[in-house]
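Below is one structure, written out as structure tokens; the observations come after it.
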Amino acid sequence: MRHMKSPALIAAGLAAVLFASPAAAATGSPGAPGVGDSYYPLDGNGGYDATHYDIRLNYDPATDHLSGTTTILARTTQDLSEFNLDFLLKVSSVRVDNVAADFHTAGGELTVTPKAVLPKDRDLTIVVRYDDTPEPYRLYGYAGWQKTPTGALGVNEPQIAPWWYPSNDHPRDKATFDVSIAVPPGVEALSNGVLVNKQQTSPRWVRWNWRSTRPQAPYLTFLAIGQYDVRQGTAPDGQTLITAYGDDLGDNGPAARASVERTPEVLDVLSRYFGPYPFEAQGGVVDSSLGFALENQTRPVYDGAFFRAGTNTSVVAHENAHQWFGDSVSVDDWKEIWLNEGFATYAEYLWSDYQGEGTPAEVAQFTYDNIPADDPFWQVLPGDPGEQNQFADAVYDRGGMTLQALRTAVGDDAFFRIVKQWPQDKQYGTGTTTEFVALAEKVSGKQLDDLFTTWLYTPGKPAVGPNGQSAA
Ligand code: ZN
């Protein structure tokens, strides 16, 4: 039904054919339902670019009930008869440029059919209104949204947006964000960037307005709702610093604070290696329910268990390194996740060095020496680990060792020029492994195909370790 053209469009199309007039736009075609990612083919969509999301929601932790409106500013990239957004929840209406559009949702795709074909290079205002409970939904078989004892977490990778706002959900299409979330009085609601307003608007609702003004991938936009001790301050460089600690962290609470409060110091140390911090705010959220840590733009979220043995500034260095590698320079295809995790792991080595706890050469060598050649670890290829192994240890640790092997091959001077040049060249965009290897070769003047083939794409333990010594 939705593919059928109205008589008016058929007439216009006929006129276009008969008179070869520029009104040929009336015969636009549907945008692709995905951008063609190797692991997640339906992520993202074709036919338009999103430039800004304004997400305005109410959330009630007692019922997991989420309702509101997302307004998307976008621009068409083709004559468009129909387009998709990535979204799981029940939608009540969609308007395109203020005109009600037809729509339907299936399998995480919201298909929108505007009343008339949208010509190429046209600015669009898309308004999606919805009302649902996110928790039960699954995408690629997994649960993204987590209901917690006092609220909810919209924090996940590679996908989380479809559980709470409609988007063009791929790192290739970044946008700026305003996130406004109303919660009952006494509940905290955290997101990215700067808290631009917080206001009680009725006896039942307090609205928190967050703004993130640098290009941001949809999956890095987060919500953390619940009972938190929120600390608002200013970092030494003048940026907004907002940290939040779950009320239920118990004995992990002090170590969590002793780690995450050092975020400005971590960013300062990392910026010496990677260049200026690319965003306008900083901080962190520690929650007891997450089960992992994630580098949400300007404000990572950490599970409280990271701090169960005392301070863990390594994970703070890891997530904040992702602000450069992952958030500012994102993967162009999810199969190249090592570009995020390998660099974040290498940043842990650099932080270890700064702390006086071991140099990158020592830490990488220790990792290499301690994983026997017959360990399944060496069978996962960091350069293309497979969807199931996207966050396998090899992506992190063999990725980090790959960078140490690169440092050994090109020398310190070239190595540190490469790791500063990459986030500068690709700032707020995406990059590929091929492009990274090309940059490393250009800066060092060395042929590096063999090194990357061995470390990223060849099963088995490399015979020569990350510092150039043969395995014992
Ligand atoms: Zn990571």
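In the structure tokens, chains take the letters A, B, ... in the order shown, each chain's residues start at 1, and ligands count up from 1 in the order shown.
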Each chain A residue no farther than 7 Å from ligand 1, nearest pair in Å, only C-alpha atoms and all ligand atoms, as a Markdown table:
```
| residue | atom | partner | partner_atom_place_in_ligand_line | distance |
| --- | --- | --- | --- | --- |
| A:Leu294 | CA | ligand 1 | 1 (Zn) | 7.0 |
| A:His318 | CA | ligand 1 | 1 (Zn) | 6.1 |
| A:Glu319 | CA | ligand 1 | 1 (Zn) | 6.0 |
| A:His322 | CA | ligand 1 | 1 (Zn) | 6.6 |
| A:Asn340 | CA | ligand 1 | 1 (Zn) | 6.4 |
| A:Glu341 | CA | ligand 1 | 1 (Zn) | 4.6 |
| A:Ala344 | CA | ligand 1 | 1 (Zn) | 5.7 |
```
Got time to write the residues from that selection, C-alpha atoms, as a compact mmCIF listing (two decimals), in the first residue's frame?
```txt
# COMPACT_ATOMS: atom_id res chain seq x y z
CA LEU A 294 30.70 3.49 27.71
CA HIS A 318 40.15 4.39 28.52
CA GLU A 319 36.71 6.01 28.23
CA HIS A 322 37.48 7.35 23.29
CA ASN A 340 38.27 2.64 18.93
CA GLU A 341 39.29 -0.06 21.37
CA ALA A 344 41.66 3.41 24.10
```
Please provide the set of residues having any atom within 7 Å of Leu456 of chain A, restricted to only C-alpha atoms, with same-chain residues fewer than 3 positions apart removed, written as a PDB file with all heavy atoms, in the first residue's frame.
```
ATOM      1  N   LEU A 381      40.414 -11.884  15.073  1.00  0.00           N
ATOM      2  CA  LEU A 381      41.139 -10.890  14.287  1.00  0.00           C
ATOM      3  C   LEU A 381      40.635  -9.486  14.627  1.00  0.00           C
ATOM      4  O   LEU A 381      39.489  -9.154  14.326  1.00  0.00           O
ATOM      5  CB  LEU A 381      40.940 -11.160  12.789  1.00  0.00           C
ATOM      6  CG  LEU A 381      41.338 -12.576  12.361  1.00  0.00           C
ATOM      7  CD1 LEU A 381      41.082 -12.747  10.869  1.00  0.00           C
ATOM      8  CD2 LEU A 381      42.796 -12.841  12.711  1.00  0.00           C
ATOM      9  N   PRO A 382      41.472  -8.666  15.239  1.00  0.00           N
ATOM     10  CA  PRO A 382      41.005  -7.338  15.645  1.00  0.00           C
ATOM     11  C   PRO A 382      40.492  -6.503  14.465  1.00  0.00           C
ATOM     12  O   PRO A 382      39.572  -5.710  14.623  1.00  0.00           O
ATOM     13  CB  PRO A 382      42.250  -6.675  16.243  1.00  0.00           C
ATOM     14  CG  PRO A 382      43.221  -7.768  16.496  1.00  0.00           C
ATOM     15  CD  PRO A 382      42.879  -8.905  15.578  1.00  0.00           C
ATOM     16  N   GLY A 383      41.054  -6.712  13.273  1.00  0.00           N
ATOM     17  CA  GLY A 383      40.675  -5.906  12.110  1.00  0.00           C
ATOM     18  C   GLY A 383      39.306  -6.229  11.543  1.00  0.00           C
ATOM     19  O   GLY A 383      38.759  -5.453  10.759  1.00  0.00           O
ATOM     20  N   PHE A 452      50.546  -4.464   9.720  1.00  0.00           N
ATOM     21  CA  PHE A 452      49.105  -4.451  10.014  1.00  0.00           C
ATOM     22  C   PHE A 452      48.448  -5.769   9.613  1.00  0.00           C
ATOM     23  O   PHE A 452      47.523  -6.226  10.288  1.00  0.00           O
ATOM     24  CB  PHE A 452      48.435  -3.246   9.351  1.00  0.00           C
ATOM     25  CG  PHE A 452      48.744  -1.959  10.073  1.00  0.00           C
ATOM     26  CD1 PHE A 452      49.663  -1.048   9.555  1.00  0.00           C
ATOM     27  CD2 PHE A 452      48.143  -1.677  11.292  1.00  0.00           C
ATOM     28  CE1 PHE A 452      49.957   0.135  10.233  1.00  0.00           C
ATOM     29  CE2 PHE A 452      48.430  -0.497  11.978  1.00  0.00           C
ATOM     30  CZ  PHE A 452      49.335   0.414  11.455  1.00  0.00           C
ATOM     31  N   THR A 453      48.927  -6.393   8.528  1.00  0.00           N
ATOM     32  CA  THR A 453      48.367  -7.695   8.140  1.00  0.00           C
ATOM     33  C   THR A 453      48.605  -8.721   9.246  1.00  0.00           C
ATOM     34  O   THR A 453      47.709  -9.469   9.635  1.00  0.00           O
ATOM     35  CB  THR A 453      48.997  -8.174   6.811  1.00  0.00           C
ATOM     36  OG1 THR A 453      48.685  -7.202   5.812  1.00  0.00           O
ATOM     37  CG2 THR A 453      48.434  -9.522   6.380  1.00  0.00           C
TER      38      THR A 453
END
```
Every residue of segment 119-193 of chain A that DSSP places in strand (DSSP E or B), as number ranges by chain: A: 123-132, 138-139, 142-143, 146-147, 152-154, 167, 175-183, 188-190
Take atom CA of Val187 of chain A and atom CA of Thr150 of chain A and report the distance between them in Å, one decimal.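 Between atom CA of Val187 of chain A and atom CA of Thr150 of chain A the gap works out to 8.2 Å.
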In Å, rounded to a single decimal, give me how far atom CA of Gln282 of chain A is from atom CA of Ile242 of chain A.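 Between atom CA of Ile242 of chain A and atom CA of Gln282 of chain A the gap works out to 6.5 Å.
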Find the spatial neighbours of segment 414-426 of chain A, counting only C-alpha atoms, within a cut-off of 10 Å - ignore same-chain residues fewer than 6 positions away - and output them as a tab-separated table (two decimals) with N, CA and C atoms, in the first residue's frame.
```tsv
chain	number	residue	atom	x	y	z
A	271	SER	N	45.51	14.87	26.18
A	271	SER	CA	45.57	15.89	25.13
A	271	SER	C	47.01	16.21	24.74
A	272	ARG	N	47.97	15.92	25.61
A	272	ARG	CA	49.38	16.11	25.23
A	272	ARG	C	49.75	15.17	24.08
A	273	TYR	N	49.13	13.99	24.06
A	273	TYR	CA	49.42	13.01	23.01
A	273	TYR	C	48.51	13.15	21.79
A	274	PHE	N	47.23	13.44	22.04
A	274	PHE	CA	46.22	13.33	20.98
A	274	PHE	C	45.75	14.68	20.44
A	275	GLY	N	46.24	15.77	21.01
A	275	GLY	CA	45.78	17.09	20.59
A	275	GLY	C	44.63	17.57	21.46
A	276	PRO	N	44.14	18.79	21.20
A	276	PRO	CA	43.13	19.39	22.08
A	276	PRO	C	41.89	18.51	22.25
A	278	PRO	N	38.34	17.42	22.07
A	278	PRO	CA	37.47	17.92	20.98
A	278	PRO	C	36.08	18.43	21.40
A	323	GLN	N	37.02	9.73	23.62
A	323	GLN	CA	36.48	11.02	23.17
A	323	GLN	C	37.17	11.43	21.86
A	324	TRP	N	38.47	11.09	21.75
A	324	TRP	CA	39.18	11.31	20.49
A	324	TRP	C	38.93	10.16	19.52
A	325	PHE	N	39.10	8.92	20.03
A	325	PHE	CA	39.07	7.72	19.19
A	325	PHE	C	37.77	6.96	19.45
A	326	GLY	N	36.77	7.24	18.66
A	326	GLY	CA	35.45	6.63	18.87
A	326	GLY	C	34.37	7.69	18.72
A	328	SER	N	35.02	11.54	18.48
A	328	SER	CA	35.36	12.55	17.48
A	328	SER	C	35.70	11.87	16.14
A	329	VAL	N	36.65	10.94	16.15
A	329	VAL	CA	36.87	10.07	14.97
A	329	VAL	C	36.12	8.78	15.23
A	330	SER	N	35.06	8.55	14.50
A	330	SER	CA	34.27	7.33	14.70
A	330	SER	C	34.61	6.30	13.63
A	343	PHE	N	43.05	1.97	20.36
A	343	PHE	CA	43.58	3.26	20.82
A	343	PHE	C	43.26	3.53	22.28
A	403	LEU	N	49.36	-1.15	18.14
A	403	LEU	CA	49.89	0.22	18.16
A	403	LEU	C	51.30	0.26	18.75
A	404	GLN	N	51.57	-0.60	19.73
A	404	GLN	CA	52.94	-0.67	20.24
A	404	GLN	C	53.88	-1.21	19.16
A	406	LEU	N	53.47	-0.79	16.01
A	406	LEU	CA	53.66	0.34	15.09
A	406	LEU	C	54.72	1.30	15.64
A	407	ARG	N	54.62	1.59	16.94
A	407	ARG	CA	55.60	2.50	17.57
A	407	ARG	C	57.02	1.94	17.42
A	408	THR	N	57.14	0.62	17.64
A	408	THR	CA	58.46	-0.02	17.48
A	408	THR	C	58.97	0.12	16.05
A	432	THR	N	38.73	4.90	8.41
A	432	THR	CA	38.86	3.46	8.13
A	432	THR	C	40.28	3.01	8.45
A	435	GLU	N	42.67	4.01	5.72
A	435	GLU	CA	43.10	5.41	5.82
A	435	GLU	C	44.14	5.58	6.93
A	436	PHE	N	43.96	4.85	8.03
A	436	PHE	CA	44.94	4.97	9.11
A	436	PHE	C	46.30	4.43	8.69
A	437	VAL	N	46.31	3.29	8.01
A	437	VAL	CA	47.57	2.72	7.54
A	437	VAL	C	48.24	3.68	6.56
A	439	LEU	N	47.98	6.93	6.47
A	439	LEU	CA	48.55	8.05	7.24
A	439	LEU	C	49.86	7.63	7.90
A	440	ALA	N	49.85	6.44	8.52
A	440	ALA	CA	51.06	5.96	9.20
A	440	ALA	C	52.22	5.81	8.21
A	441	GLU	N	51.91	5.34	7.02
A	441	GLU	CA	52.96	5.18	6.00
A	441	GLU	C	53.47	6.53	5.52
A	442	LYS	N	52.55	7.48	5.37
A	442	LYS	CA	52.94	8.81	4.89
A	442	LYS	C	53.84	9.51	5.92
A	443	VAL	N	53.41	9.48	7.17
A	443	VAL	CA	54.18	10.17	8.22
A	443	VAL	C	55.54	9.51	8.44
A	444	SER	N	55.56	8.18	8.42
A	444	SER	CA	56.81	7.47	8.76
A	444	SER	C	57.70	7.23	7.55
A	445	GLY	N	57.11	7.27	6.34
A	445	GLY	CA	57.87	6.94	5.14
A	445	GLY	C	58.21	5.45	5.06
```
Name the residues in contact with Ala182 of chain A at a cut-off of 6 Å, using only C-alpha atoms, excluding same-chain residues fewer than 4 positions from it; report them as a list of chain:residue names. A:Asn58, A:Trp205, A:Val206, A:Arg207
Write out as a PyMOL selection string which residues come within 12 Å of Gly468 of chain A when counting only C-alpha atoms, dropping same-chain ones fewer than 5 positions away. chain A and resi 361+364-365+368+401-402+404-411+451+462-463
What separation in Å, quoted to one decimal, exists between atom CA of Thr359 of chain A and atom CA of Gly399 of chain A?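 Straight-line distance from atom CA of Thr359 of chain A to atom CA of Gly399 of chain A works out to 16.7 Å.
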Residues near segment 253-255 of chain A, cut-off 12 Å, only C-alpha atoms, skip fewer than 4 positions along chain, as a list of chain:residue names: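 Within the cut-off, the hits are A:Tyr228, A:Asp229, A:Ala244, A:Tyr245, A:Gly246, A:Asp247, A:Asp248, A:Leu249, A:Ser259, A:Val260, A:Glu261, A:Arg262, A:Val285, A:Val286, A:Asp287, A:Ser288, A:Tyr302, A:Asp303, A:Gly304, A:Ala305, A:Phe306, A:Phe307, A:Arg308, A:Ala309, A:Gly310, A:Thr311, A:Asn312, A:Thr313.
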Could you dump the residues just selected with N, CA, C and O atoms as a short mmCIF file (atom, residue, chain, number, x, y, z; two decimals), in the first residue's frame?
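Result file follows (result-v8.cif):
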```cif
data_model
loop_
_atom_site.label_atom_id
_atom_site.label_comp_id
_atom_site.auth_asym_id
_atom_site.auth_seq_id
_atom_site.Cartn_x
_atom_site.Cartn_y
_atom_site.Cartn_z
N TYR A 228 20.88 9.96 41.87
CA TYR A 228 22.31 10.25 41.77
C TYR A 228 22.67 11.45 42.63
O TYR A 228 21.87 12.38 42.78
N ASP A 229 23.90 11.43 43.11
CA ASP A 229 24.51 12.62 43.71
C ASP A 229 25.19 13.36 42.55
O ASP A 229 26.20 12.90 42.02
N ALA A 244 28.23 12.42 38.30
CA ALA A 244 27.07 11.93 39.04
C ALA A 244 27.35 10.52 39.53
O ALA A 244 27.89 9.70 38.77
N TYR A 245 26.99 10.28 40.78
CA TYR A 245 27.27 8.99 41.43
C TYR A 245 25.98 8.40 41.96
O TYR A 245 25.27 9.06 42.73
N GLY A 246 25.69 7.17 41.56
CA GLY A 246 24.48 6.51 42.02
C GLY A 246 24.43 6.45 43.54
O GLY A 246 25.46 6.20 44.19
N ASP A 247 23.26 6.67 44.11
CA ASP A 247 23.09 6.64 45.57
C ASP A 247 23.36 5.25 46.15
O ASP A 247 23.56 5.12 47.35
N ASP A 248 23.34 4.23 45.30
CA ASP A 248 23.46 2.86 45.79
C ASP A 248 24.85 2.27 45.51
O ASP A 248 24.99 1.05 45.43
N LEU A 249 25.88 3.11 45.37
CA LEU A 249 27.23 2.57 45.08
C LEU A 249 27.86 1.91 46.29
O LEU A 249 28.83 1.14 46.17
N SER A 259 38.33 8.31 41.46
CA SER A 259 38.77 8.03 40.09
C SER A 259 38.17 9.04 39.11
O SER A 259 38.89 9.71 38.37
N VAL A 260 36.85 9.14 39.11
CA VAL A 260 36.16 9.93 38.09
C VAL A 260 36.35 11.44 38.29
O VAL A 260 36.36 12.20 37.32
N GLU A 261 36.57 11.86 39.55
CA GLU A 261 36.83 13.29 39.77
C GLU A 261 38.15 13.72 39.13
O GLU A 261 38.42 14.90 38.97
N ARG A 262 39.00 12.76 38.76
CA ARG A 262 40.27 13.11 38.09
C ARG A 262 40.13 13.24 36.57
O ARG A 262 41.13 13.36 35.86
N VAL A 285 29.41 9.55 34.77
CA VAL A 285 28.29 9.05 35.58
C VAL A 285 28.67 7.65 36.03
O VAL A 285 29.14 6.85 35.22
N VAL A 286 28.49 7.37 37.32
CA VAL A 286 28.74 6.02 37.82
C VAL A 286 27.42 5.44 38.32
O VAL A 286 26.72 6.06 39.12
N ASP A 287 27.09 4.27 37.80
CA ASP A 287 25.80 3.64 38.09
C ASP A 287 26.03 2.18 38.46
O ASP A 287 26.91 1.52 37.90
N SER A 288 25.21 1.65 39.36
CA SER A 288 25.40 0.26 39.82
C SER A 288 24.87 -0.79 38.87
O SER A 288 25.14 -1.97 39.06
N TYR A 302 30.00 4.69 33.77
CA TYR A 302 30.78 3.57 34.30
C TYR A 302 29.91 2.73 35.23
O TYR A 302 29.18 3.28 36.06
N ASP A 303 30.05 1.42 35.16
CA ASP A 303 29.46 0.59 36.20
C ASP A 303 30.25 0.76 37.49
O ASP A 303 31.48 0.84 37.47
N GLY A 304 29.55 0.77 38.63
CA GLY A 304 30.20 0.94 39.92
C GLY A 304 31.24 -0.14 40.22
O GLY A 304 32.20 0.09 40.96
N ALA A 305 31.06 -1.33 39.63
CA ALA A 305 31.96 -2.45 39.92
C ALA A 305 33.39 -2.19 39.42
O ALA A 305 34.32 -2.87 39.87
N PHE A 306 33.57 -1.25 38.50
CA PHE A 306 34.93 -0.91 38.09
C PHE A 306 35.77 -0.41 39.27
O PHE A 306 36.99 -0.38 39.19
N PHE A 307 35.10 -0.01 40.34
CA PHE A 307 35.81 0.61 41.45
C PHE A 307 35.76 -0.26 42.71
O PHE A 307 35.97 0.21 43.81
N ARG A 308 35.52 -1.56 42.50
CA ARG A 308 35.36 -2.44 43.68
C ARG A 308 36.68 -2.76 44.35
O ARG A 308 36.70 -3.18 45.50
N ALA A 309 37.83 -2.56 43.66
CA ALA A 309 39.12 -2.86 44.29
C ALA A 309 39.92 -1.58 44.58
O ALA A 309 41.13 -1.63 44.76
N GLY A 310 39.22 -0.46 44.63
CA GLY A 310 39.90 0.81 44.84
C GLY A 310 39.82 1.68 43.60
O GLY A 310 39.03 1.38 42.68
N THR A 311 40.65 2.72 43.56
CA THR A 311 40.58 3.60 42.39
C THR A 311 40.88 2.81 41.12
O THR A 311 41.67 1.86 41.13
N ASN A 312 40.24 3.22 40.04
CA ASN A 312 40.51 2.65 38.74
C ASN A 312 40.53 3.83 37.76
O ASN A 312 39.52 4.17 37.15
N THR A 313 41.70 4.46 37.66
CA THR A 313 41.83 5.57 36.73
C THR A 313 42.13 5.06 35.32
O THR A 313 42.02 5.80 34.35
#
```
Who sits within 9 Å of segment 27-42 of chain A, only C-alpha atoms, same chain under 3 positions skipped, as a PyMOL selection string: chain A and resi 9-10+12-13+16+23-24+45-48+78-86+108-109+111+113+117-120+140+168-170+172+332-335+386-387
May I have all residues of segment 296-415 of chain A that DSSP, computed from the backbone, assigns to alpha helix (DSSP H), given as a PyMOL selection string? chain A and resi 313-321+338-354+360-370+393-410+412-415
Tell me which of A:Lys198, A:Ala224, A:Arg95, A:Asp173 sits closest to Thr148 of chain A, counting only C-alpha atoms. A:Ala224
